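Take a look at the structure below.
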Amino acid sequence: MSSQPLPIYQSTRAAHPRRTFPPEIVHQIIHELWYEPQSPQDRAYLSKSICLVSHTWLCLYTRVAMRDVHLPLSLSANTLLNLLPDRTPTQEKGLFIEAAAEVTNYMCQSLTFHVDARVAANTQDLSPSPPAIKYFSAIDPAANAVSSVLAAIPPQGPDCLPNLHHISIKYTDWAFEALFDLLGTHPLPAQITHLSLDFVFDKKSTGALASYISTTFLREGHPVLEMPDVRHLSVRGMPAEIISDLLDSMPNLETLTIGGCSRLDVIGALPESVHTLVLSHPGEALTALDMQWWELDMALSLGLSEGNAGFRVIVRSGTPDPFSFSDMKRFCKWYGVDLSYERVDVSENW
């Protein structure tokens, strides 16, 4: 029997360490995924998946996602609220939560709320609800999430989200009254200079009612809005009457972007501070009828841009009808308005 000692097993783990992506590559992957157009449900699943990969992915995700925050569910809003200053006592925060709160507070530049009536009322359930158009925001968790976040941001003062400048609210299958109830109760913080408001109706599920609501609006008994700090307004899916009401509350507005066909002659005179009107139809080949529906010639004759120095109109779309666009450019020049065209072949993804 040999007296030589048995060979000691040596692990090869040190010689062949586990291969991982460099942080720079991980950051780029998360960035590409986060800014890819996707539905609120897909974005919620994406957030959960990324956070479960590893601690490195979680840390890098925080730096990407907290810059342009998307809140697809009311549960997401609760998470954001816990990261805001003075919302959670310091002794109850772990080191990671405290670091994430600091990143969120100083890096957040935009908030996007998804208020989708098709999502079940259960805040953790992504399954669809029965088709319906909602009117009362006080009983909906997603709508209440918007109110809770706006209420948590002081109207004045740089301590909470000092670099936040853009708020976007995307309504799906909601009546327009919900918007006025929200903004009338919770004024926008003073640092908000960009406001985007989108309304989309799932006509396959809501039928003729959606078509009726999306083209008509009667405003009665709603509070008067005041948004003097907003400089840039983008709207989509709204009747011209609502756009007109919003403009009355924004005396310092500089640019107005309108998505979808709206009759400009109903809007009335724009605030004198407005210098640019953008008619946005990305990915759409505009026909002569589409451009006639704007009633731009009638709007200009009624004083749409009267008193607006250097006023210009930009059409962003697919290829427009060349003859109608030339005629439109001609009468715009007659009123001293510069009309230009920017080609956008890719449609916006909701």
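All residue names refer to the structure tokens as shown: chains lettered A, B, ... in order, residues numbered from 1 in each chain, ligands numbered from 1 in order.
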Which polymer residues have any atom within 10 Å of an atom of Gly336 (chain A), counting only C-alpha atoms, with same-chain residues fewer than 4 positions away left out, as a PyMOL selection string? chain A and resi 300+305-306+309-312+331-332
Write out as a list in words which residues come within 10 Å of Asp159 (chain A) when counting only C-alpha atoms, dropping same-chain ones fewer than 6 positions away. Leu84, Pro85, Asn105, Tyr106 and Ile153 of chain A
Which polymer residues have any atom within 9 Å of an atom of Pro154 (chain A), counting only C-alpha atoms, with same-chain residues fewer than 6 positions away left out, as a list in words?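 Answer for this query is Cys160, Pro189 and Ala190 of chain A.
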How many Å lie between CA of Val344 (chain A) and CA of Phe176 (chain A), rounded to one decimal? 28.2 Å
Length of the CA of Ser249 (chain A) to CA of Val146 (chain A) vector [Å]: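 Between CA of Ser249 (chain A) and CA of Val146 (chain A) the gap is 20.0 Å.
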So that I can check the surroundings of Pro23 (chain A), please list as a PyMOL selection string every protein, DNA and RNA residue that reaches within 12 Å of it, counting only C-alpha atoms and ignoring chain neighbours fewer than 5 positions away. chain A and resi 28-30+54-61
Put those residues in a file: N, CA, C and O atoms, as a compact mmCIF listing (two decimals), in the first residue's frame.
```txt
# COMPACT_ATOMS: atom_id res chain seq x y z
N GLN A 28 -26.06 49.55 -21.54
CA GLN A 28 -26.56 49.77 -22.89
C GLN A 28 -27.75 48.86 -23.19
O GLN A 28 -28.73 49.30 -23.84
N ILE A 29 -27.70 47.62 -22.73
CA ILE A 29 -28.82 46.69 -22.94
C ILE A 29 -30.08 47.21 -22.26
O ILE A 29 -31.17 47.25 -22.86
N ILE A 30 -29.93 47.61 -21.01
CA ILE A 30 -31.10 48.12 -20.27
C ILE A 30 -31.64 49.39 -20.91
O ILE A 30 -32.86 49.58 -21.03
N SER A 54 -29.72 40.26 -11.43
CA SER A 54 -28.62 40.31 -10.47
C SER A 54 -28.61 41.69 -9.81
O SER A 54 -29.34 42.60 -10.23
N HIS A 55 -27.78 41.83 -8.80
CA HIS A 55 -27.67 43.12 -8.11
C HIS A 55 -27.10 44.18 -9.05
O HIS A 55 -27.50 45.35 -9.01
N THR A 56 -26.18 43.80 -9.92
CA THR A 56 -25.61 44.76 -10.88
C THR A 56 -26.67 45.27 -11.83
O THR A 56 -26.77 46.48 -12.09
N TRP A 57 -27.48 44.36 -12.35
CA TRP A 57 -28.55 44.77 -13.26
C TRP A 57 -29.55 45.68 -12.55
O TRP A 57 -30.04 46.66 -13.12
N LEU A 58 -29.85 45.36 -11.30
CA LEU A 58 -30.79 46.17 -10.53
C LEU A 58 -30.26 47.59 -10.34
O LEU A 58 -31.00 48.57 -10.52
N CYS A 59 -28.98 47.71 -9.99
CA CYS A 59 -28.39 49.03 -9.77
C CYS A 59 -28.38 49.85 -11.06
O CYS A 59 -28.74 51.05 -11.06
N LEU A 60 -27.99 49.23 -12.16
CA LEU A 60 -27.94 49.94 -13.43
C LEU A 60 -29.34 50.26 -13.95
O LEU A 60 -29.56 51.30 -14.58
N TYR A 61 -30.28 49.37 -13.69
CA TYR A 61 -31.67 49.63 -14.07
C TYR A 61 -32.20 50.88 -13.37
O TYR A 61 -32.91 51.69 -13.97
```
Pick out the residues sitting within 6 Å of region 320-327 of chain A, and hand them over as a PyMOL selection string; count only C-alpha atoms, and ignore anything fewer than 2 positions along from it in its own chain. chain A and resi 285-288+329-330
Hey, can you check how far CA of Thr257 (chain A) sits from CA of Arg343 (chain A)? 15.4 Å
Sel. of strand (DSSP E) residues, region 201-337 of chain A, as a list in words: His232, Leu233, Ser234, Val235, Arg236, Thr255, Leu256, Thr257, Ile258, Gly259, Thr276, Leu277, Val278, Leu279, Ser280, His281, Arg312, Val313, Ile314, Val315, Arg316 and Ser317 of chain A
Please dump the current selection as a short mmCIF file (atom, residue, chain, number, x, y, z; two decimals), in the first residue's frame; keep N, CA and C atoms.
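Result went into result.cif, see below:
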```cif
data_model
loop_
_atom_site.label_atom_id
_atom_site.label_comp_id
_atom_site.auth_asym_id
_atom_site.auth_seq_id
_atom_site.Cartn_x
_atom_site.Cartn_y
_atom_site.Cartn_z
N HIS A 232 -44.50 74.04 -23.16
CA HIS A 232 -44.64 73.15 -24.31
C HIS A 232 -45.77 72.16 -24.03
N LEU A 233 -46.76 72.16 -24.89
CA LEU A 233 -47.92 71.29 -24.73
C LEU A 233 -48.05 70.37 -25.94
N SER A 234 -48.22 69.08 -25.67
CA SER A 234 -48.45 68.09 -26.72
C SER A 234 -49.73 67.34 -26.38
N VAL A 235 -50.67 67.31 -27.33
CA VAL A 235 -51.95 66.64 -27.11
C VAL A 235 -52.21 65.69 -28.26
N ARG A 236 -52.97 64.63 -27.96
CA ARG A 236 -53.36 63.68 -28.99
C ARG A 236 -54.71 63.08 -28.65
N THR A 255 -44.83 76.35 -27.57
CA THR A 255 -45.04 75.41 -28.68
C THR A 255 -46.26 74.55 -28.38
N LEU A 256 -47.04 74.26 -29.42
CA LEU A 256 -48.22 73.42 -29.32
C LEU A 256 -48.13 72.32 -30.37
N THR A 257 -48.18 71.06 -29.93
CA THR A 257 -48.15 69.92 -30.84
C THR A 257 -49.49 69.21 -30.74
N ILE A 258 -50.13 69.04 -31.90
CA ILE A 258 -51.45 68.39 -31.95
C ILE A 258 -51.32 67.12 -32.77
N GLY A 259 -51.65 65.99 -32.16
CA GLY A 259 -51.65 64.71 -32.85
C GLY A 259 -53.06 64.30 -33.19
N THR A 276 -44.74 78.26 -32.37
CA THR A 276 -44.69 77.07 -33.23
C THR A 276 -45.90 76.20 -32.99
N LEU A 277 -46.55 75.82 -34.08
CA LEU A 277 -47.65 74.86 -34.06
C LEU A 277 -47.22 73.64 -34.87
N VAL A 278 -47.23 72.46 -34.26
CA VAL A 278 -46.83 71.23 -34.91
C VAL A 278 -48.07 70.35 -35.11
N LEU A 279 -48.32 69.97 -36.35
CA LEU A 279 -49.40 69.05 -36.68
C LEU A 279 -48.77 67.68 -36.90
N SER A 280 -48.94 66.79 -35.96
CA SER A 280 -48.20 65.53 -35.93
C SER A 280 -49.06 64.36 -36.40
N HIS A 281 -48.62 63.74 -37.49
CA HIS A 281 -49.26 62.53 -38.02
C HIS A 281 -48.16 61.56 -38.44
N ARG A 312 -44.91 79.91 -36.95
CA ARG A 312 -44.69 78.92 -38.00
C ARG A 312 -45.49 77.66 -37.72
N VAL A 313 -45.80 76.93 -38.78
CA VAL A 313 -46.54 75.67 -38.68
C VAL A 313 -45.66 74.58 -39.27
N ILE A 314 -45.51 73.46 -38.54
CA ILE A 314 -44.70 72.34 -38.99
C ILE A 314 -45.61 71.11 -39.11
N VAL A 315 -45.58 70.47 -40.27
CA VAL A 315 -46.33 69.24 -40.50
C VAL A 315 -45.34 68.08 -40.41
N ARG A 316 -45.55 67.19 -39.46
CA ARG A 316 -44.71 66.01 -39.31
C ARG A 316 -45.54 64.78 -39.63
N SER A 317 -45.21 64.14 -40.74
CA SER A 317 -46.03 63.02 -41.19
C SER A 317 -45.29 62.23 -42.25
#
```
